[in-house]
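Source file: target01.pdb. Holds: PDB, C-alpha atoms, pLDDT in the B column.
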ATOM      1  CA  ALA A 983    -124.341 -65.506-152.338  1.00 70.00           C
ATOM      2  CA  GLN A 984    -123.439 -64.147-155.703  1.00 78.00           C
ATOM      3  CA  THR A 985    -121.504 -66.422-158.024  1.00 93.00           C
ATOM      4  CA  VAL A 986    -119.967 -65.927-161.430  1.00 97.00           C
ATOM      5  CA  THR A 987    -119.289 -68.854-163.741  1.00 97.00           C
ATOM      6  CA  GLN A 988    -117.115 -68.974-166.820  1.00 97.00           C
ATOM      7  CA  SER A 989    -117.525 -72.399-168.368  1.00 96.00           C
ATOM      8  CA  GLN A 990    -114.722 -72.065-170.913  1.00 97.00           C
ATOM      9  CA  PRO A 991    -111.289 -72.427-169.292  1.00 96.00           C
ATOM     10  CA  GLU A 992    -109.618 -71.927-172.684  1.00 97.00           C
ATOM     11  CA  MET A 993    -110.620 -70.492-176.026  1.00 98.00           C
ATOM     12  CA  SER A 994    -108.751 -69.848-179.234  1.00 98.00           C
ATOM     13  CA  VAL A 995    -109.462 -67.694-182.251  1.00 98.00           C
ATOM     14  CA  GLN A 996    -107.790 -66.896-185.531  1.00 98.00           C
ATOM     15  CA  GLU A 997    -106.502 -63.413-185.962  1.00 98.00           C
ATOM     16  CA  ALA A 998    -109.154 -61.129-187.499  1.00 98.00           C
ATOM     17  CA  GLU A 999    -111.945 -63.536-186.568  1.00 98.00           C
ATOM     18  CA  THR A1000    -114.626 -63.151-183.922  1.00 98.00           C
ATOM     19  CA  VAL A1001    -114.807 -64.982-180.628  1.00 98.00           C
ATOM     20  CA  THR A1002    -117.393 -65.052-177.857  1.00 98.00           C
ATOM     21  CA  LEU A1003    -116.582 -65.709-174.218  1.00 98.00           C
ATOM     22  CA  SER A1004    -119.378 -66.939-171.992  1.00 98.00           C
ATOM     23  CA  CYS A1005    -120.305 -65.862-168.489  1.00 98.00           C
ATOM     24  CA  THR A1006    -123.268 -66.603-166.290  1.00 98.00           C
ATOM     25  CA  TYR A1007    -123.974 -65.308-162.823  1.00 97.00           C
ATOM     26  CA  ASP A1008    -126.356 -65.874-159.988  1.00 95.00           C
ATOM     27  CA  THR A1009    -127.834 -63.107-157.896  1.00 93.00           C
ATOM     28  CA  SER A1010    -131.027 -62.072-156.195  1.00 92.00           C
ATOM     29  CA  GLU A1011    -130.275 -58.399-156.687  1.00 90.00           C
ATOM     30  CA  SER A1012    -131.984 -56.351-159.361  1.00 88.00           C
ATOM     31  CA  ASP A1013    -129.457 -53.532-159.598  1.00 88.00           C
ATOM     32  CA  TYR A1014    -125.836 -54.447-160.181  1.00 91.00           C
ATOM     33  CA  TYR A1015    -122.862 -54.041-162.490  1.00 92.00           C
ATOM     34  CA  LEU A1016    -121.125 -56.548-164.721  1.00 95.00           C
ATOM     35  CA  PHE A1017    -117.606 -56.293-166.045  1.00 95.00           C
ATOM     36  CA  TRP A1018    -115.118 -57.995-168.279  1.00 97.00           C
ATOM     37  CA  TYR A1019    -111.489 -57.619-167.273  1.00 96.00           C
ATOM     38  CA  LYS A1020    -108.475 -58.595-169.332  1.00 97.00           C
ATOM     39  CA  GLN A1021    -105.312 -59.845-167.674  1.00 96.00           C
ATOM     40  CA  PRO A1022    -102.354 -60.127-170.080  1.00 95.00           C
ATOM     41  CA  PRO A1023     -99.117 -61.883-169.121  1.00 92.00           C
ATOM     42  CA  SER A1024     -98.046 -58.720-167.303  1.00 91.00           C
ATOM     43  CA  ARG A1025    -100.842 -59.527-164.830  1.00 92.00           C
ATOM     44  CA  GLN A1026    -102.207 -55.988-164.985  1.00 92.00           C
ATOM     45  CA  MET A1027    -106.002 -56.056-164.682  1.00 94.00           C
ATOM     46  CA  ILE A1028    -107.489 -54.023-167.511  1.00 93.00           C
ATOM     47  CA  LEU A1029    -111.157 -53.098-167.593  1.00 92.00           C
ATOM     48  CA  VAL A1030    -112.517 -54.014-171.014  1.00 95.00           C
ATOM     49  CA  ILE A1031    -116.188 -53.232-170.738  1.00 95.00           C
ATOM     50  CA  ARG A1032    -118.874 -52.631-168.174  1.00 93.00           C
ATOM     51  CA  GLN A1033    -122.636 -53.029-168.140  1.00 94.00           C
ATOM     52  CA  GLU A1034    -125.175 -51.590-165.741  1.00 91.00           C
ATOM     53  CA  ALA A1035    -127.990 -54.052-165.106  1.00 92.00           C
ATOM     54  CA  TYR A1036    -130.665 -51.386-165.417  1.00 91.00           C
ATOM     55  CA  LYS A1037    -129.595 -50.624-168.982  1.00 91.00           C
ATOM     56  CA  GLN A1038    -131.213 -52.769-171.630  1.00 89.00           C
ATOM     57  CA  GLN A1039    -128.806 -51.680-174.334  1.00 94.00           C
ATOM     58  CA  ASN A1040    -125.732 -53.843-174.637  1.00 96.00           C
ATOM     59  CA  ALA A1041    -122.467 -52.055-173.935  1.00 96.00           C
ATOM     60  CA  THR A1042    -119.877 -51.708-176.675  1.00 96.00           C
ATOM     61  CA  GLU A1043    -116.296 -50.494-176.673  1.00 95.00           C
ATOM     62  CA  ASN A1044    -114.752 -50.506-180.123  1.00 96.00           C
ATOM     63  CA  ARG A1045    -114.166 -54.174-181.027  1.00 98.00           C
ATOM     64  CA  PHE A1046    -115.634 -55.398-177.758  1.00 98.00           C
ATOM     65  CA  SER A1047    -119.331 -55.853-177.153  1.00 98.00           C
ATOM     66  CA  VAL A1048    -121.489 -57.769-174.743  1.00 98.00           C
ATOM     67  CA  ASN A1049    -124.692 -59.745-174.980  1.00 98.00           C
ATOM     68  CA  PHE A1050    -126.441 -59.052-171.714  1.00 97.00           C
ATOM     69  CA  GLN A1051    -129.427 -61.266-171.028  1.00 96.00           C
ATOM     70  CA  LYS A1052    -130.706 -60.229-167.613  1.00 95.00           C
ATOM     71  CA  ALA A1053    -133.462 -62.806-167.312  1.00 94.00           C
ATOM     72  CA  ALA A1054    -131.067 -65.589-168.210  1.00 96.00           C
ATOM     73  CA  LYS A1055    -128.314 -64.032-166.062  1.00 96.00           C
ATOM     74  CA  SER A1056    -125.925 -64.276-168.942  1.00 97.00           C
ATOM     75  CA  PHE A1057    -123.203 -61.805-169.907  1.00 98.00           C
ATOM     76  CA  SER A1058    -121.067 -62.882-172.847  1.00 98.00           C
ATOM     77  CA  LEU A1059    -118.206 -60.921-174.398  1.00 98.00           C
ATOM     78  CA  LYS A1060    -117.731 -60.734-178.136  1.00 98.00           C
ATOM     79  CA  ILE A1061    -114.365 -59.733-179.540  1.00 98.00           C
ATOM     80  CA  SER A1062    -114.480 -58.802-183.189  1.00 98.00           C
ATOM     81  CA  ASP A1063    -111.510 -58.627-185.553  1.00 98.00           C
ATOM     82  CA  SER A1064    -109.337 -60.365-182.985  1.00 98.00           C
ATOM     83  CA  GLN A1065    -105.789 -59.118-182.669  1.00 98.00           C
ATOM     84  CA  LEU A1066    -102.679 -60.786-181.298  1.00 97.00           C
ATOM     85  CA  GLY A1067    -102.728 -58.305-178.441  1.00 97.00           C
ATOM     86  CA  ASP A1068    -106.103 -59.623-177.343  1.00 98.00           C
ATOM     87  CA  ALA A1069    -104.459 -62.804-176.091  1.00 98.00           C
ATOM     88  CA  ALA A1070    -104.930 -62.827-172.333  1.00 97.00           C
ATOM     89  CA  MET A1071    -106.918 -64.225-169.466  1.00 97.00           C
ATOM     90  CA  TYR A1072    -110.396 -62.749-169.397  1.00 98.00           C
ATOM     91  CA  PHE A1073    -112.391 -62.479-166.214  1.00 97.00           C
ATOM     92  CA  CYS A1074    -116.080 -61.821-165.921  1.00 98.00           C
ATOM     93  CA  ALA A1075    -117.020 -59.983-162.742  1.00 95.00           C
ATOM     94  CA  TYR A1076    -120.106 -58.876-160.866  1.00 94.00           C
ATOM     95  CA  ARG A1077    -120.656 -56.178-158.300  1.00 91.00           C
ATOM     96  CA  ILE A1078    -123.468 -54.411-156.558  1.00 86.00           C
ATOM     97  CA  SER A1079    -122.950 -50.739-155.776  1.00 77.00           C
ATOM     98  CA  GLY A1080    -120.586 -50.135-152.896  1.00 73.00           C
ATOM     99  CA  SER A1081    -119.541 -53.748-152.701  1.00 80.00           C
ATOM    100  CA  ARG A1082    -116.632 -55.837-153.851  1.00 86.00           C
ATOM    101  CA  LEU A1083    -116.080 -57.543-157.176  1.00 91.00           C
ATOM    102  CA  THR A1084    -116.890 -61.223-157.531  1.00 93.00           C
ATOM    103  CA  PHE A1085    -114.847 -62.851-160.283  1.00 95.00           C
ATOM    104  CA  GLY A1086    -115.391 -65.856-162.470  1.00 97.00           C
ATOM    105  CA  GLU A1087    -112.727 -68.493-162.924  1.00 96.00           C
ATOM    106  CA  GLY A1088    -111.371 -66.908-166.062  1.00 97.00           C
ATOM    107  CA  THR A1089    -111.011 -67.870-169.719  1.00 98.00           C
ATOM    108  CA  GLN A1090    -107.575 -68.042-171.315  1.00 97.00           C
ATOM    109  CA  LEU A1091    -107.841 -66.666-174.834  1.00 98.00           C
ATOM    110  CA  THR A1092    -105.256 -67.579-177.457  1.00 98.00           C
ATOM    111  CA  VAL A1093    -105.124 -65.666-180.728  1.00 98.00           C
ATOM    112  CA  ASN A1094    -103.541 -67.612-183.576  1.00 97.00           C
ATOM    113  CA  PRO A1095    -101.774 -65.698-186.349  1.00 96.00           C
TER     114      PRO A1095
ATOM    115  CA  GLY B  79    -107.395 -41.774-166.052  1.00 61.00           C
ATOM    116  CA  ALA B  80    -107.352 -43.055-162.500  1.00 68.00           C
ATOM    117  CA  VAL B  81    -104.125 -44.775-161.499  1.00 88.00           C
ATOM    118  CA  VAL B  82    -103.367 -47.179-158.712  1.00 93.00           C
ATOM    119  CA  SER B  83     -99.713 -47.758-157.993  1.00 94.00           C
ATOM    120  CA  GLN B  84     -98.517 -50.865-156.219  1.00 96.00           C
ATOM    121  CA  HIS B  85     -95.023 -51.264-154.832  1.00 96.00           C
ATOM    122  CA  PRO B  86     -92.863 -53.259-154.965  1.00 97.00           C
ATOM    123  CA  SER B  87     -93.561 -55.047-158.239  1.00 96.00           C
ATOM    124  CA  TRP B  88     -91.640 -58.037-157.031  1.00 96.00           C
ATOM    125  CA  VAL B  89     -89.907 -58.953-153.808  1.00 97.00           C
ATOM    126  CA  ILE B  90     -87.903 -61.869-152.536  1.00 97.00           C
ATOM    127  CA  CYS B  91     -87.668 -62.392-148.808  1.00 96.00           C
ATOM    128  CA  LYS B  92     -86.327 -64.992-146.466  1.00 97.00           C
ATOM    129  CA  SER B  93     -88.627 -67.334-144.637  1.00 97.00           C
ATOM    130  CA  GLY B  94     -89.614 -65.924-141.278  1.00 97.00           C
ATOM    131  CA  THR B  95     -89.254 -62.288-142.225  1.00 97.00           C
ATOM    132  CA  SER B  96     -92.002 -59.770-142.922  1.00 97.00           C
ATOM    133  CA  VAL B  97     -92.633 -57.891-146.126  1.00 97.00           C
ATOM    134  CA  LYS B  98     -94.816 -54.863-146.812  1.00 97.00           C
ATOM    135  CA  ILE B  99     -96.659 -54.106-150.040  1.00 97.00           C
ATOM    136  CA  GLU B 100     -98.049 -50.640-150.693  1.00 97.00           C
ATOM    137  CA  CYS B 101    -101.091 -49.682-152.713  1.00 96.00           C
ATOM    138  CA  ARG B 102    -101.567 -46.021-153.592  1.00 95.00           C
ATOM    139  CA  SER B 103    -104.305 -44.231-155.467  1.00 92.00           C
ATOM    140  CA  LEU B 104    -102.398 -41.523-157.298  1.00 90.00           C
ATOM    141  CA  ASP B 105    -105.067 -39.123-158.503  1.00 86.00           C
ATOM    142  CA  PHE B 106    -108.187 -39.934-156.556  1.00 86.00           C
ATOM    143  CA  GLN B 107    -109.303 -40.659-153.030  1.00 86.00           C
ATOM    144  CA  ALA B 108    -110.202 -44.202-152.155  1.00 86.00           C
ATOM    145  CA  THR B 109    -112.010 -44.895-148.921  1.00 82.00           C
ATOM    146  CA  THR B 110    -112.052 -48.570-149.797  1.00 89.00           C
ATOM    147  CA  MET B 111    -109.259 -50.732-151.130  1.00 93.00           C
ATOM    148  CA  PHE B 112    -109.308 -54.444-151.778  1.00 94.00           C
ATOM    149  CA  TRP B 113    -106.469 -56.937-151.506  1.00 96.00           C
ATOM    150  CA  TYR B 114    -106.400 -60.073-153.650  1.00 96.00           C
ATOM    151  CA  ARG B 115    -104.165 -63.068-153.987  1.00 97.00           C
ATOM    152  CA  GLN B 116    -103.803 -64.905-157.271  1.00 96.00           C
ATOM    153  CA  PHE B 117    -102.227 -68.295-157.872  1.00 92.00           C
ATOM    154  CA  PRO B 118    -101.030 -69.247-161.375  1.00 88.00           C
ATOM    155  CA  LYS B 119    -103.838 -69.781-163.859  1.00 86.00           C
ATOM    156  CA  GLN B 120    -106.458 -69.105-161.216  1.00 92.00           C
ATOM    157  CA  SER B 121    -108.851 -66.301-160.508  1.00 94.00           C
ATOM    158  CA  LEU B 122    -108.364 -63.492-158.029  1.00 95.00           C
ATOM    159  CA  MET B 123    -109.152 -64.459-154.472  1.00 94.00           C
ATOM    160  CA  LEU B 124    -110.281 -61.620-152.241  1.00 95.00           C
ATOM    161  CA  MET B 125    -108.307 -61.561-149.030  1.00 96.00           C
ATOM    162  CA  ALA B 126    -109.659 -58.486-147.319  1.00 95.00           C
ATOM    163  CA  THR B 127    -111.437 -55.189-147.741  1.00 93.00           C
ATOM    164  CA  SER B 128    -109.553 -52.208-146.400  1.00 90.00           C
ATOM    165  CA  ASN B 129    -111.476 -49.183-145.191  1.00 87.00           C
ATOM    166  CA  GLU B 130    -109.744 -45.914-144.423  1.00 84.00           C
ATOM    167  CA  GLY B 131    -109.570 -45.221-140.732  1.00 82.00           C
ATOM    168  CA  SER B 132    -111.024 -48.525-139.608  1.00 85.00           C
ATOM    169  CA  LYS B 133    -110.086 -52.161-139.325  1.00 88.00           C
ATOM    170  CA  ALA B 134    -109.981 -54.274-142.437  1.00 92.00           C
ATOM    171  CA  THR B 135    -112.609 -56.899-143.088  1.00 94.00           C
ATOM    172  CA  TYR B 136    -111.025 -60.253-143.799  1.00 96.00           C
ATOM    173  CA  GLU B 137    -112.483 -63.054-145.869  1.00 95.00           C
ATOM    174  CA  GLN B 138    -113.084 -66.406-144.305  1.00 94.00           C
ATOM    175  CA  GLY B 139    -109.917 -68.440-144.043  1.00 94.00           C
ATOM    176  CA  VAL B 140    -107.548 -65.476-144.260  1.00 96.00           C
ATOM    177  CA  GLU B 141    -105.398 -65.049-141.175  1.00 94.00           C
ATOM    178  CA  LYS B 142    -105.656 -61.450-140.041  1.00 93.00           C
ATOM    179  CA  ASP B 143    -102.593 -61.743-137.829  1.00 95.00           C
ATOM    180  CA  LYS B 144    -100.515 -62.976-140.731  1.00 96.00           C
ATOM    181  CA  PHE B 145    -101.756 -60.551-143.356  1.00 97.00           C
ATOM    182  CA  LEU B 146    -101.808 -57.171-141.668  1.00 96.00           C
ATOM    183  CA  ILE B 147    -103.659 -54.458-143.519  1.00 95.00           C
ATOM    184  CA  ASN B 148    -103.426 -50.789-142.742  1.00 91.00           C
ATOM    185  CA  HIS B 149    -105.386 -48.064-144.506  1.00 89.00           C
ATOM    186  CA  ALA B 150    -104.194 -44.922-142.769  1.00 82.00           C
ATOM    187  CA  SER B 151    -105.039 -42.400-145.457  1.00 89.00           C
ATOM    188  CA  LEU B 152    -107.418 -41.948-148.368  1.00 88.00           C
ATOM    189  CA  THR B 153    -104.657 -42.756-150.824  1.00 91.00           C
ATOM    190  CA  LEU B 154    -102.625 -45.505-149.193  1.00 93.00           C
ATOM    191  CA  SER B 155    -103.234 -49.039-147.995  1.00 94.00           C
ATOM    192  CA  THR B 156    -100.532 -51.492-147.016  1.00 95.00           C
ATOM    193  CA  LEU B 157    -100.442 -55.259-146.778  1.00 97.00           C
ATOM    194  CA  THR B 158     -97.796 -56.757-144.525  1.00 97.00           C
ATOM    195  CA  VAL B 159     -97.117 -60.460-144.763  1.00 97.00           C
ATOM    196  CA  THR B 160     -95.711 -61.375-141.376  1.00 97.00           C
ATOM    197  CA  SER B 161     -93.414 -64.327-140.715  1.00 96.00           C
ATOM    198  CA  ALA B 162     -93.546 -65.229-144.365  1.00 97.00           C
ATOM    199  CA  HIS B 163     -93.251 -68.830-145.466  1.00 96.00           C
ATOM    200  CA  PRO B 164     -92.722 -70.333-148.913  1.00 96.00           C
ATOM    201  CA  GLU B 165     -96.438 -71.135-149.194  1.00 95.00           C
ATOM    202  CA  ASP B 166     -97.120 -67.390-149.015  1.00 96.00           C
ATOM    203  CA  SER B 167     -95.334 -66.967-152.333  1.00 96.00           C
ATOM    204  CA  SER B 168     -97.909 -65.632-154.730  1.00 96.00           C
ATOM    205  CA  PHE B 169     -99.082 -62.687-156.795  1.00 97.00           C
ATOM    206  CA  TYR B 170    -100.801 -60.044-154.674  1.00 98.00           C
ATOM    207  CA  ILE B 171    -102.894 -57.346-156.280  1.00 97.00           C
ATOM    208  CA  CYS B 172    -104.786 -54.427-154.841  1.00 96.00           C
ATOM    209  CA  SER B 173    -107.662 -52.401-156.148  1.00 94.00           C
ATOM    210  CA  ALA B 174    -109.216 -49.127-155.104  1.00 91.00           C
ATOM    211  CA  ARG B 175    -112.710 -47.800-155.494  1.00 85.00           C
ATOM    212  CA  ALA B 176    -113.007 -44.267-156.834  1.00 76.00           C
ATOM    213  CA  LEU B 177    -115.906 -42.374-155.361  1.00 67.00           C
ATOM    214  CA  ALA B 178    -116.457 -39.980-158.231  1.00 55.00           C
ATOM    215  CA  SER B 179    -116.198 -40.131-161.962  1.00 49.00           C
ATOM    216  CA  THR B 180    -112.758 -39.505-163.350  1.00 44.00           C
ATOM    217  CA  GLY B 181    -114.382 -38.221-166.503  1.00 39.00           C
ATOM    218  CA  GLU B 182    -112.618 -40.524-168.929  1.00 37.00           C
ATOM    219  CA  GLY B 183    -113.350 -43.690-170.810  1.00 38.00           C
ATOM    220  CA  LEU B 184    -115.060 -46.377-168.831  1.00 42.00           C
ATOM    221  CA  SER B 185    -114.717 -44.502-165.554  1.00 39.00           C
ATOM    222  CA  SER B 186    -118.143 -43.762-164.210  1.00 43.00           C
ATOM    223  CA  GLY B 187    -118.412 -43.222-160.519  1.00 48.00           C
ATOM    224  CA  ASN B 188    -117.727 -46.020-158.084  1.00 65.00           C
ATOM    225  CA  THR B 189    -115.383 -47.677-160.546  1.00 75.00           C
ATOM    226  CA  ILE B 190    -112.691 -49.998-159.243  1.00 85.00           C
ATOM    227  CA  TYR B 191    -109.107 -49.632-160.453  1.00 88.00           C
ATOM    228  CA  PHE B 192    -106.353 -52.178-160.045  1.00 93.00           C
ATOM    229  CA  GLY B 193    -102.711 -51.842-159.154  1.00 94.00           C
ATOM    230  CA  GLU B 194    -100.026 -53.550-161.177  1.00 94.00           C
ATOM    231  CA  GLY B 195     -99.630 -56.341-158.666  1.00 96.00           C
ATOM    232  CA  SER B 196     -96.719 -57.605-156.607  1.00 97.00           C
ATOM    233  CA  TRP B 197     -94.896 -60.892-156.943  1.00 96.00           C
ATOM    234  CA  LEU B 198     -93.795 -62.269-153.595  1.00 97.00           C
ATOM    235  CA  THR B 199     -91.283 -65.081-153.421  1.00 97.00           C
ATOM    236  CA  VAL B 200     -90.364 -66.473-150.026  1.00 97.00           C
ATOM    237  CA  VAL B 201     -87.183 -68.510-149.951  1.00 97.00           C
TER     238      VAL B 201
END
Hey, can you dump this file as structure tokens for me?
Amino acid sequence: AQTVTQSQPEMSVQEAETVTLSCTYDTSESDYYLFWYKQPPSRQMILVIRQEAYKQQNATENRFSVNFQKAAKSFSLKISDSQLGDAAMYFCAYRISGSRLTFGEGTQLTVNP
Amino acid sequence: GAVVSQHPSWVICKSGTSVKIECRSLDFQATTMFWYRQFPKQSLMLMATSNEGSKATYEQGVEKDKFLINHASLTLSTLTVTSAHPEDSSFYICSARALASTGEGLSSGNTIYFGEGSWLTVV
């Protein structure tokens, strides 16, 4: 069974600084997708970034980038120039095509002014 | 971009009554919708996978007779909590899988979009 592990229940960062959230996963599949979702206090799930496993290049979306290490089954999220609005719960998720999302336990990110 | 609307956003019901939550894909067809439950400060727990025109597939430990799921059209799935009890109070969130690219941003075929969620309080 596929599992996703986020070993950091809580993280904090100073505004304008950079923070990295960790995620590891376990799978026997070779083709899959990885995601980072943000869940602010409103509870709305917001897709932050996605990575296809077959792509070697790390995905980036503005201030958000990932470090995808397929052999190590690691998928960390880097937030640069952190903003107060980045404060939220972040979930790492895994999915194979046509299947459901498997979520990690989440990391609560606090951004200090 | 693709939008999934969930209604109601919050609902309070009396113990023993039933309550229905709707999940609609507004601008795309979704043959598959997923229903999750989330307790405070915890991750999303998949309850069931809803397939249009067929019976839902429930996760282990989820009572199918208590959490009735109907997916009668390509844009609507409903979750009915029957004979609700205070322990059913929770945040329920749905998601829908788009079959084709919506052509914007991170959307890229087979992407999953989430509704806004529904707070259920059983008193």
Problem set entry | Computed interatomic separation between CA of Lys1060 (chain A) and CA of Lys1020 (chain A) (Å) |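 A separation of 13.0 Å between them.
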For this session: Using CA of Tyr1036 (chain A) and CA of Trp113 (chain B) as the two end points, give the distance in Å to one decimal.
Result: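 That distance, rounded to one decimal, is 28.5 Å.
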Exercise. Hey, which of A:Ile1061, A:Leu1029, A:Ala1053, A:Ala1070 ends up closest to chain B? Count all atoms listed in the file.
Worked result: A:Leu1029
For this session: Residues of chain B no more than 9 Å from chain A, counting all atoms listed in the file: send them over as a list in words.
Result: Phe112, Lys119, Gln120, Ser121, Leu122, Met123, Leu124, Thr127, Phe169, Ile171, Arg175, Leu184, Asn188, Ile190, Tyr191, Phe192, Gly193, Glu194 and Gly195 of chain B
Same residues, C-alpha atoms, output as a compact mmCIF listing (two decimals), in the frame of the given file:
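Just written: again-v4.txt:
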# COMPACT_ATOMS: atom_id res chain seq x y z
CA PHE B 112 -109.31 -54.44 -151.78
CA LYS B 119 -103.84 -69.78 -163.86
CA GLN B 120 -106.46 -69.10 -161.22
CA SER B 121 -108.85 -66.30 -160.51
CA LEU B 122 -108.36 -63.49 -158.03
CA MET B 123 -109.15 -64.46 -154.47
CA LEU B 124 -110.28 -61.62 -152.24
CA THR B 127 -111.44 -55.19 -147.74
CA PHE B 169 -99.08 -62.69 -156.79
CA ILE B 171 -102.89 -57.35 -156.28
CA ARG B 175 -112.71 -47.80 -155.49
CA LEU B 184 -115.06 -46.38 -168.83
CA ASN B 188 -117.73 -46.02 -158.08
CA ILE B 190 -112.69 -50.00 -159.24
CA TYR B 191 -109.11 -49.63 -160.45
CA PHE B 192 -106.35 -52.18 -160.04
CA GLY B 193 -102.71 -51.84 -159.15
CA GLU B 194 -100.03 -53.55 -161.18
CA GLY B 195 -99.63 -56.34 -158.67
Problem set entry | Residue IDs satisfying the PyMOL selection byres ((chain A and resi 1037) around 12), as a PyMOL selection string | chain A and resi 1012-1016+1032-1036+1038-1041+1049-1052
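Considering all atoms listed in the file, the residue among A:Met993, A:Val1093, A:Ala1075, A:Ala1069 positioned nearest to Gln1021 (chain A) is A:Ala1069.
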Problem set entry | Separation of CA of Ser128 (chain B) from CA of Pro1023 (chain A), in Å and rounded to one decimal |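 Between CA of Ser128 (chain B) and CA of Pro1023 (chain A) the gap works out to 26.8 Å.
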For this session: Give me the result of the PyMOL selection byres ((chain B and resi 148-154) around 7) on this file, residue by residue, as a PyMOL selection string.
Result: chain B and resi 101-104+107-109+128-131+146-147+155-157
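Nearest to Trp1018 (chain A) of all the residues A:Tyr1076, A:Gly1067, A:Thr985, A:Arg1045 is A:Tyr1076, counting all atoms listed in the file.
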Problem set entry | Surrounding residues of Lys98 (chain B) excluding itself and chain neighbours under 5 positions, 12 Å, all atoms listed in the file, as a ChimeraX atom specification | /B:84-91,144-148,155-162,170,196-198
For this session: Starting from the displayed file, determine the output of the PyMOL selection byres ((chain A and resi 989) around 8) and express the residue list as a ChimeraX atom specification.
Result: /A:987-988,990-991,1004-1005
Please produce an output containing C-alpha atoms for each residue in the selection, written as a short mmCIF file (atom, residue, chain, number, x, y, z; two decimals), in the coordinates of the input.
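The new file part.cif reads:
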data_model
loop_
_atom_site.label_atom_id
_atom_site.label_comp_id
_atom_site.auth_asym_id
_atom_site.auth_seq_id
_atom_site.Cartn_x
_atom_site.Cartn_y
_atom_site.Cartn_z
CA THR A 987 -119.29 -68.85 -163.74
CA GLN A 988 -117.12 -68.97 -166.82
CA GLN A 990 -114.72 -72.06 -170.91
CA PRO A 991 -111.29 -72.43 -169.29
CA SER A 1004 -119.38 -66.94 -171.99
CA CYS A 1005 -120.30 -65.86 -168.49
#
For this session: For a cut-off of 10 Å around (-110.4, -66.7, -181.9), file coordinates, pick out all residues using only C-alpha atoms and list them as a list in words.
Result: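 Here the neighbourhood of the point contains Met993, Ser994, Val995, Gln996, Glu997, Ala998, Glu999, Thr1000, Val1001, Thr1002, Leu1003, Ile1061, Ser1062, Asp1063, Ser1064, Gln1065, Leu1066, Asp1068, Ala1069, Leu1091, Thr1092, Val1093, Asn1094 and Pro1095 of chain A.
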